[in-house]
$ cat start_5.csv   # CSV, C-alpha atoms and all ligand atoms
chain,number,residue,atom,x,y,z
G,53,MET,CA,-162.1,60.5,-50.4
G,54,ALA,CA,-164.6,58.2,-52.0
G,55,VAL,CA,-164.9,54.7,-50.6
G,56,GLN,CA,-164.7,52.0,-53.3
G,57,ILE,CA,-166.1,48.5,-53.3
G,58,ALA,CA,-164.3,45.7,-55.2
G,59,PRO,CA,-166.5,42.6,-55.1
G,60,SER,CA,-164.5,39.3,-55.3
G,61,ILE,CA,-165.7,36.8,-57.9
G,62,LEU,CA,-164.3,34.0,-55.8
G,63,ASN,CA,-167.8,33.2,-54.7
G,64,ALA,CA,-169.4,33.8,-58.1
G,65,ASP,CA,-170.3,31.1,-60.7
G,66,PHE,CA,-167.1,30.4,-62.5
G,67,ALA,CA,-169.0,28.9,-65.5
G,68,HIS,CA,-170.4,32.4,-66.2
G,69,LEU,CA,-167.8,34.8,-65.1
G,70,ALA,CA,-168.5,37.7,-67.5
G,71,ASP,CA,-172.3,37.5,-66.6
G,72,GLU,CA,-171.4,37.4,-63.0
G,73,VAL,CA,-169.4,40.6,-63.4
G,74,GLY,CA,-172.3,42.1,-65.2
G,75,ARG,CA,-174.5,41.6,-62.1
G,76,ILE,CA,-172.3,44.0,-60.1
G,77,ALA,CA,-171.2,46.3,-62.8
G,78,PRO,CA,-174.0,49.0,-62.2
G,79,ALA,CA,-172.7,49.5,-58.6
G,80,ALA,CA,-169.1,48.3,-58.2
G,81,ASP,CA,-165.9,50.2,-58.8
G,82,TRP,CA,-163.7,47.2,-59.5
G,83,VAL,CA,-164.0,43.5,-59.9
G,84,HIS,CA,-161.6,41.7,-57.6
G,85,VAL,CA,-160.0,38.6,-59.2
G,86,ASP,CA,-158.4,36.2,-56.8
G,87,VAL,CA,-155.6,34.3,-58.5
G,88,MET,CA,-154.4,31.3,-56.4
G,89,ASP,CA,-151.7,28.9,-57.5
G,90,GLY,CA,-152.1,26.0,-55.0
G,91,HIS,CA,-148.6,26.8,-53.5
G,92,PHE,CA,-148.7,30.2,-51.9
G,93,VAL,CA,-152.1,29.3,-50.7
G,94,PRO,CA,-153.8,25.9,-50.4
G,95,ASN,CA,-156.3,26.6,-53.2
G,96,LEU,CA,-156.3,26.9,-57.0
G,97,THR,CA,-158.5,29.3,-58.9
G,98,LEU,CA,-157.7,30.8,-62.3
G,99,GLY,CA,-154.8,32.2,-64.2
G,100,LEU,CA,-153.5,34.3,-67.0
G,101,PRO,CA,-155.7,33.0,-69.9
G,102,VAL,CA,-158.9,33.6,-68.0
G,103,VAL,CA,-157.8,37.0,-66.8
G,104,GLU,CA,-156.9,38.0,-70.3
G,105,ARG,CA,-160.4,37.1,-71.6
G,106,LEU,CA,-162.1,38.6,-68.6
G,107,ALA,CA,-160.3,41.9,-69.1
G,108,GLN,CA,-161.7,42.0,-72.6
G,109,ALA,CA,-165.2,40.9,-71.6
G,110,SER,CA,-165.6,42.6,-68.2
G,111,ALA,CA,-167.7,45.8,-67.8
G,112,LEU,CA,-165.4,46.7,-64.8
G,113,PRO,CA,-161.7,47.2,-64.4
G,114,LEU,CA,-159.9,44.2,-63.0
G,115,ASP,CA,-158.3,44.3,-59.6
G,116,CYS,CA,-156.1,41.2,-59.6
G,117,HIS,CA,-155.0,39.8,-56.3
G,118,LEU,CA,-152.2,37.4,-56.9
G,119,MET,CA,-151.8,34.8,-54.2
G,120,ILE,CA,-149.0,33.1,-56.0
G,121,GLU,CA,-145.3,32.2,-55.6
G,122,ASP,CA,-142.7,34.0,-57.8
G,123,PRO,CA,-144.8,37.1,-58.6
G,124,ASP,CA,-141.6,38.7,-59.9
G,125,ARG,CA,-141.9,36.3,-62.8
G,126,TRP,CA,-145.7,36.2,-63.3
G,127,ALA,CA,-147.3,39.4,-62.2
G,128,PRO,CA,-146.2,41.7,-65.1
G,129,GLY,CA,-148.1,39.3,-67.4
G,130,TYR,CA,-151.4,40.2,-65.6
G,131,ALA,CA,-150.8,43.9,-66.3
G,132,GLU,CA,-150.0,43.1,-69.9
G,133,ALA,CA,-153.2,41.0,-70.1
G,134,GLY,CA,-155.2,44.1,-69.3
G,135,ALA,CA,-155.7,44.1,-65.5
G,136,ALA,CA,-156.0,47.7,-64.3
G,137,SER,CA,-154.5,46.9,-60.9
G,138,VAL,CA,-152.2,44.0,-60.0
G,139,THR,CA,-151.5,43.2,-56.3
G,140,PHE,CA,-148.8,40.8,-55.2
G,141,HIS,CA,-147.8,39.5,-51.8
G,142,VAL,CA,-144.7,41.0,-50.2
G,143,GLU,CA,-144.1,37.6,-48.5
G,144,ALA,CA,-143.6,36.0,-52.0
G,145,ALA,CA,-141.8,38.7,-53.9
G,146,ARG,CA,-138.0,38.7,-54.2
G,147,ALA,CA,-137.7,42.3,-55.4
G,148,PRO,CA,-140.9,44.2,-54.5
G,149,VAL,CA,-139.7,47.6,-55.6
G,150,ARG,CA,-138.6,46.4,-59.0
G,151,LEU,CA,-141.8,44.5,-59.4
G,152,ALA,CA,-144.0,47.5,-58.5
G,153,ARG,CA,-142.1,49.6,-61.1
G,154,ASP,CA,-142.5,46.8,-63.7
G,155,LEU,CA,-146.2,46.8,-63.1
G,156,ARG,CA,-146.6,50.5,-63.4
G,157,ALA,CA,-144.4,50.5,-66.6
G,158,ALA,CA,-146.8,47.9,-68.0
G,159,GLY,CA,-149.7,50.3,-67.4
G,160,ALA,CA,-151.3,48.9,-64.2
G,161,ARG,CA,-151.7,50.2,-60.8
G,162,ALA,CA,-149.3,48.4,-58.4
G,163,GLY,CA,-150.6,46.8,-55.2
G,164,LEU,CA,-148.7,45.3,-52.3
G,165,ALA,CA,-150.5,42.7,-50.1
G,166,LEU,CA,-149.8,41.6,-46.6
G,167,ARG,CA,-150.9,38.4,-44.9
G,168,PRO,CA,-152.5,38.9,-41.4
G,169,ALA,CA,-149.1,38.2,-39.6
G,170,THR,CA,-147.0,40.6,-41.7
G,171,ALA,CA,-146.4,43.9,-40.0
G,172,VAL,CA,-147.3,47.1,-41.9
G,173,ASP,CA,-144.1,48.8,-40.7
G,174,SER,CA,-142.1,46.1,-42.6
G,175,VAL,CA,-143.1,47.8,-45.9
G,176,ARG,CA,-143.2,51.5,-44.8
G,177,ASP,CA,-140.1,52.4,-46.8
G,178,VAL,CA,-141.6,51.1,-50.1
G,179,LEU,CA,-145.1,52.6,-49.8
G,180,GLY,CA,-144.1,55.4,-52.2
G,181,GLU,CA,-143.6,52.8,-54.9
G,182,VAL,CA,-147.2,51.5,-54.9
G,183,ASP,CA,-150.7,52.6,-55.5
G,184,MET,CA,-152.4,50.4,-53.0
G,185,LEU,CA,-151.7,48.4,-49.8
G,186,LEU,CA,-153.9,45.3,-49.3
G,187,LEU,CA,-154.3,44.2,-45.8
G,188,MET,CA,-155.7,40.7,-45.5
G,189,SER,CA,-158.3,40.3,-42.8
G,190,VAL,CA,-158.4,36.5,-43.2
G,191,GLU,CA,-155.6,34.0,-44.0
G,192,PRO,CA,-155.6,34.1,-47.8
G,193,GLY,CA,-156.9,31.1,-49.7
G,194,PHE,CA,-160.7,31.0,-49.3
G,195,GLY,CA,-163.8,33.1,-49.3
G,196,GLY,CA,-166.4,33.1,-46.6
G,197,GLN,CA,-164.0,33.1,-43.6
G,198,GLY,CA,-164.6,35.1,-40.4
G,199,PHE,CA,-163.1,38.6,-40.2
G,200,LEU,CA,-159.9,38.9,-38.1
G,201,ASP,CA,-160.1,41.9,-35.9
G,202,LEU,CA,-156.4,41.9,-35.5
G,203,VAL,CA,-156.2,43.7,-38.9
G,204,LEU,CA,-157.8,46.9,-37.5
G,205,PRO,CA,-154.7,48.4,-35.8
G,206,LYS,CA,-152.8,47.5,-38.9
G,207,VAL,CA,-155.2,49.5,-41.0
G,208,ARG,CA,-154.9,52.5,-38.7
G,209,ARG,CA,-151.1,52.3,-38.9
G,210,ALA,CA,-151.2,52.0,-42.7
G,211,ARG,CA,-153.5,55.1,-42.9
G,212,GLU,CA,-151.0,57.1,-40.8
G,213,LEU,CA,-148.1,56.0,-43.0
G,214,VAL,CA,-149.8,57.1,-46.2
G,215,THR,CA,-150.9,60.5,-45.0
G,216,ASP,CA,-148.7,62.3,-47.5
G,217,LEU,CA,-148.9,59.6,-50.2
G,218,ASP,CA,-151.5,58.7,-52.9
G,219,VAL,CA,-151.9,55.1,-51.7
G,220,ARG,CA,-155.2,53.4,-51.3
G,221,ILE,CA,-155.7,51.1,-48.3
G,222,GLN,CA,-157.7,47.9,-49.2
G,223,VAL,CA,-159.1,45.4,-46.7
G,224,ASP,CA,-159.8,41.9,-48.0
G,225,GLY,CA,-161.6,39.1,-46.2
G,226,GLY,CA,-164.8,38.8,-44.2
G,227,VAL,CA,-166.0,42.3,-45.2
G,228,SER,CA,-169.7,42.6,-44.8
G,229,SER,CA,-172.3,45.0,-43.4
G,230,ALA,CA,-171.2,43.8,-39.9
G,231,THR,CA,-167.5,44.7,-40.4
G,232,ILE,CA,-167.2,47.4,-43.0
G,233,GLU,CA,-167.7,50.3,-40.7
G,234,ARG,CA,-164.8,49.2,-38.4
G,235,CYS,CA,-162.6,48.8,-41.5
G,236,VAL,CA,-163.3,52.2,-42.9
G,237,ASP,CA,-163.2,53.9,-39.5
G,238,ALA,CA,-159.7,52.5,-39.1
G,239,GLY,CA,-158.6,53.9,-42.4
G,240,ALA,CA,-159.6,51.6,-45.3
G,241,ASP,CA,-160.9,53.1,-48.5
G,242,VAL,CA,-161.2,50.1,-50.8
G,243,LEU,CA,-163.2,47.1,-49.5
G,244,VAL,CA,-163.2,43.7,-51.1
G,245,ALA,CA,-166.4,41.7,-50.4
G,246,GLY,CA,-167.0,38.3,-51.8
G,247,SER,CA,-169.6,36.2,-50.0
G,248,ALA,CA,-171.4,39.4,-48.8
G,249,VAL,CA,-172.0,40.4,-52.4
G,250,TYR,CA,-172.4,37.1,-54.3
G,251,GLY,CA,-174.3,35.5,-51.5
G,252,ALA,CA,-177.0,38.2,-51.7
G,253,ASP,CA,-180.2,37.9,-53.7
G,254,ASP,CA,-179.3,41.2,-55.5
G,255,PRO,CA,-175.5,41.6,-55.7
G,256,ALA,CA,-175.6,45.1,-57.1
G,257,GLU,CA,-177.9,46.3,-54.3
G,258,ALA,CA,-175.6,44.6,-51.8
G,259,VAL,CA,-172.7,46.7,-53.3
G,260,ARG,CA,-174.7,49.9,-53.1
G,261,ALA,CA,-175.6,49.2,-49.5
G,262,LEU,CA,-172.0,48.5,-48.5
G,263,LYS,CA,-170.8,51.6,-50.3
G,264,ALA,CA,-173.3,53.8,-48.6
G,265,GLN,CA,-172.4,52.3,-45.2
G,266,GLY,CA,-168.7,52.6,-45.9
G,267,GLN,CA,-168.9,56.2,-47.2
G,268,ALA,CA,-170.8,57.3,-44.1
G,269,ALA,CA,-168.2,55.8,-41.9
G,270,ALA,CA,-165.4,57.5,-43.9
G,271,ASP,CA,-167.1,60.9,-43.7
G,272,ALA,CA,-167.3,60.5,-39.9
G,273,SER,CA,-163.8,59.1,-39.4
G,274,TRP,CA,-160.6,60.6,-38.1
G,275,TRP,CA,-159.0,60.3,-41.6
G,276,GLY,CA,-162.0,61.1,-43.8
G,277,GLY,CA,-160.8,64.5,-45.1
G,278,ALA,CA,-157.4,63.1,-46.0
G,279,GLY,CA,-156.3,62.2,-49.5
G,280,SER,CA,-157.9,63.0,-52.9
K,1,LIG,O1,-158.4,37.0,-51.3
K,1,LIG,C1,-159.3,36.5,-50.7
K,1,LIG,C2,-159.3,35.2,-50.0
K,1,LIG,O2,-158.0,34.7,-50.0
K,1,LIG,C3,-160.6,37.3,-50.8
K,1,LIG,O3,-160.6,38.2,-51.9
K,1,LIG,C4,-161.9,36.6,-50.6
K,1,LIG,O4,-162.3,35.9,-51.7
K,1,LIG,C5,-163.0,37.5,-50.1
K,1,LIG,O5,-164.1,36.7,-49.9
K,1,LIG,P1,-165.0,37.0,-48.6
K,1,LIG,O6,-164.1,36.8,-47.4
K,1,LIG,O7,-165.5,38.4,-48.7
K,1,LIG,O8,-166.1,36.0,-48.7
K,2,FE,FE,-158.6,38.7,-52.5
$ encode --input "start_5.csv" --output "structure tokens"
Amino acid sequence: MAVQIAPSILNADFAHLADEVGRIAPAADWVHVDVMDGHFVPNLTLGLPVVERLAQASALPLDCHLMIEDPDRWAPGYAEAGAASVTFHVEAARAPVRLARDLRAAGARAGLALRPATAVDSVRDVLGEVDMLLLMSVEPGFGGQGFLDLVLPKVRRARELVTDLDVRIQVDGGVSSATIERCVDAGADVLVAGSAVYGADDPAEAVRALKAQGQAAADASWWGGAGS
């Protein structure tokens, strides 16, 4: 299974977003767009009008991570705006199964996100309804935070639970050359990296290096042969 890198533009220059995506486009699989509403998390970033324009201007598919309240109401709009993948938090959703189905019906991949304190087993029965499970390895809200090792057993458990499913496991927060191998070895196959990419002199080269490191870890891991 190919490891994918989704750089987060949270640490990019918001005045030149399309250009910032262009800097990673030669190497990245997705561009990770962190949508924060100032309520679900104590930070405010961007919303639907920006995502709509970015989806048109971006050289990469958009992986939208919605850190917002009432995703049941707002998330389908991001799929309709052109996001290729829309991830919402289970802690905020009233009807996660219905919402995942709405996202897929709107043409997007559906992702389910868990804060660090939310147990993976709490969503085991709905994993067949989604395309990706996002496990936060920092408390959501800000880039540049330290990686929380407590996510690693959760990643391993998630990988066990999706053995017979076509569900990607994404880790988000504090992913860098120092932590990516542990994430992938546990079972992650999509890695979000914000400051590790946009803090580098050459963001595309940083993505290539992370991908090579992650793929080597996957090939050597206990789950590496699983999935498609
Ligand atoms: O969703 C979030 C933060 O809430 C992340 O996507 C971060 O933006 C990733 O940034 P780094 O931790 O890699 O700097
Ligand atoms: Fe994120």
$ residues_around --input "start_5.csv" --residues "G:Arg234" --least-positions-apart "5" --cutoff "9 Å" --atoms "all atoms listed in the file" --output "ChimeraX atom specification"
/G:204,239-240,269
$ write_last_selection --input "start_5.csv" --atoms "C-alpha atoms" --output "mmCIF file, keeping the file's coordinate frame"
data_model
loop_
_atom_site.group_PDB
_atom_site.id
_atom_site.type_symbol
_atom_site.label_atom_id
_atom_site.label_comp_id
_atom_site.auth_asym_id
_atom_site.auth_seq_id
_atom_site.Cartn_x
_atom_site.Cartn_y
_atom_site.Cartn_z
ATOM 1 C CA LEU G 204 -157.800 46.900 -37.500
ATOM 2 C CA GLY G 239 -158.600 53.900 -42.400
ATOM 3 C CA ALA G 240 -159.600 51.600 -45.300
ATOM 4 C CA ALA G 269 -168.200 55.800 -41.900
#
$ residues_near_ligand --input "start_5.csv" --ligand "ligand FE 2 (chain K)" --cutoff "9 Å" --atoms "all atoms listed in the file" --output "VMD selection string"
chain G and resid 60 62 84 to 87 116 to 119 186 188 192 to 195 223 to 225 244 to 246
$ residues_around --input "start_5.csv" --residues "G:Ala147" --least-positions-apart "4" --cutoff "12 Å" --atoms "all atoms listed in the file" --output "list in words"
Asp122, Pro123, Asp124, Arg125, Phe140, His141, Val142, Glu143, Leu151, Ala152, Arg153, Asp154, Leu164 and Val178 of chain G
$ write_last_selection --input "start_5.csv" --atoms "C-alpha atoms" --output "mmCIF file, keeping the file's coordinate frame"
data_model
loop_
_atom_site.group_PDB
_atom_site.id
_atom_site.type_symbol
_atom_site.label_atom_id
_atom_site.label_comp_id
_atom_site.auth_asym_id
_atom_site.auth_seq_id
_atom_site.Cartn_x
_atom_site.Cartn_y
_atom_site.Cartn_z
ATOM 1 C CA ASP G 122 -142.700 34.000 -57.800
ATOM 2 C CA PRO G 123 -144.800 37.100 -58.600
ATOM 3 C CA ASP G 124 -141.600 38.700 -59.900
ATOM 4 C CA ARG G 125 -141.900 36.300 -62.800
ATOM 5 C CA PHE G 140 -148.800 40.800 -55.200
ATOM 6 C CA HIS G 141 -147.800 39.500 -51.800
ATOM 7 C CA VAL G 142 -144.700 41.000 -50.200
ATOM 8 C CA GLU G 143 -144.100 37.600 -48.500
ATOM 9 C CA LEU G 151 -141.800 44.500 -59.400
ATOM 10 C CA ALA G 152 -144.000 47.500 -58.500
ATOM 11 C CA ARG G 153 -142.100 49.600 -61.100
ATOM 12 C CA ASP G 154 -142.500 46.800 -63.700
ATOM 13 C CA LEU G 164 -148.700 45.300 -52.300
ATOM 14 C CA VAL G 178 -141.600 51.100 -50.100
#
$ atom_distance --input "start_5.csv" --atom1 "atom CA of G:Asp237" --atom2 "atom CA of G:Met184"
17.6 Å
$ closest_residue --input "start_5.csv" --among "G:Pro148, G:Leu202, G:Ala111, G:Val93" --to "ligand LIG 1 (chain K)" --atoms "all atoms listed in the file"
G:Val93
$ closest_residue --input "start_5.csv" --among "G:Asp271, G:Asp81, G:Glu191, G:Asp177" --to "ligand LIG 1 (chain K)" --atoms "only C-alpha atoms and all ligand atoms"
G:Glu191
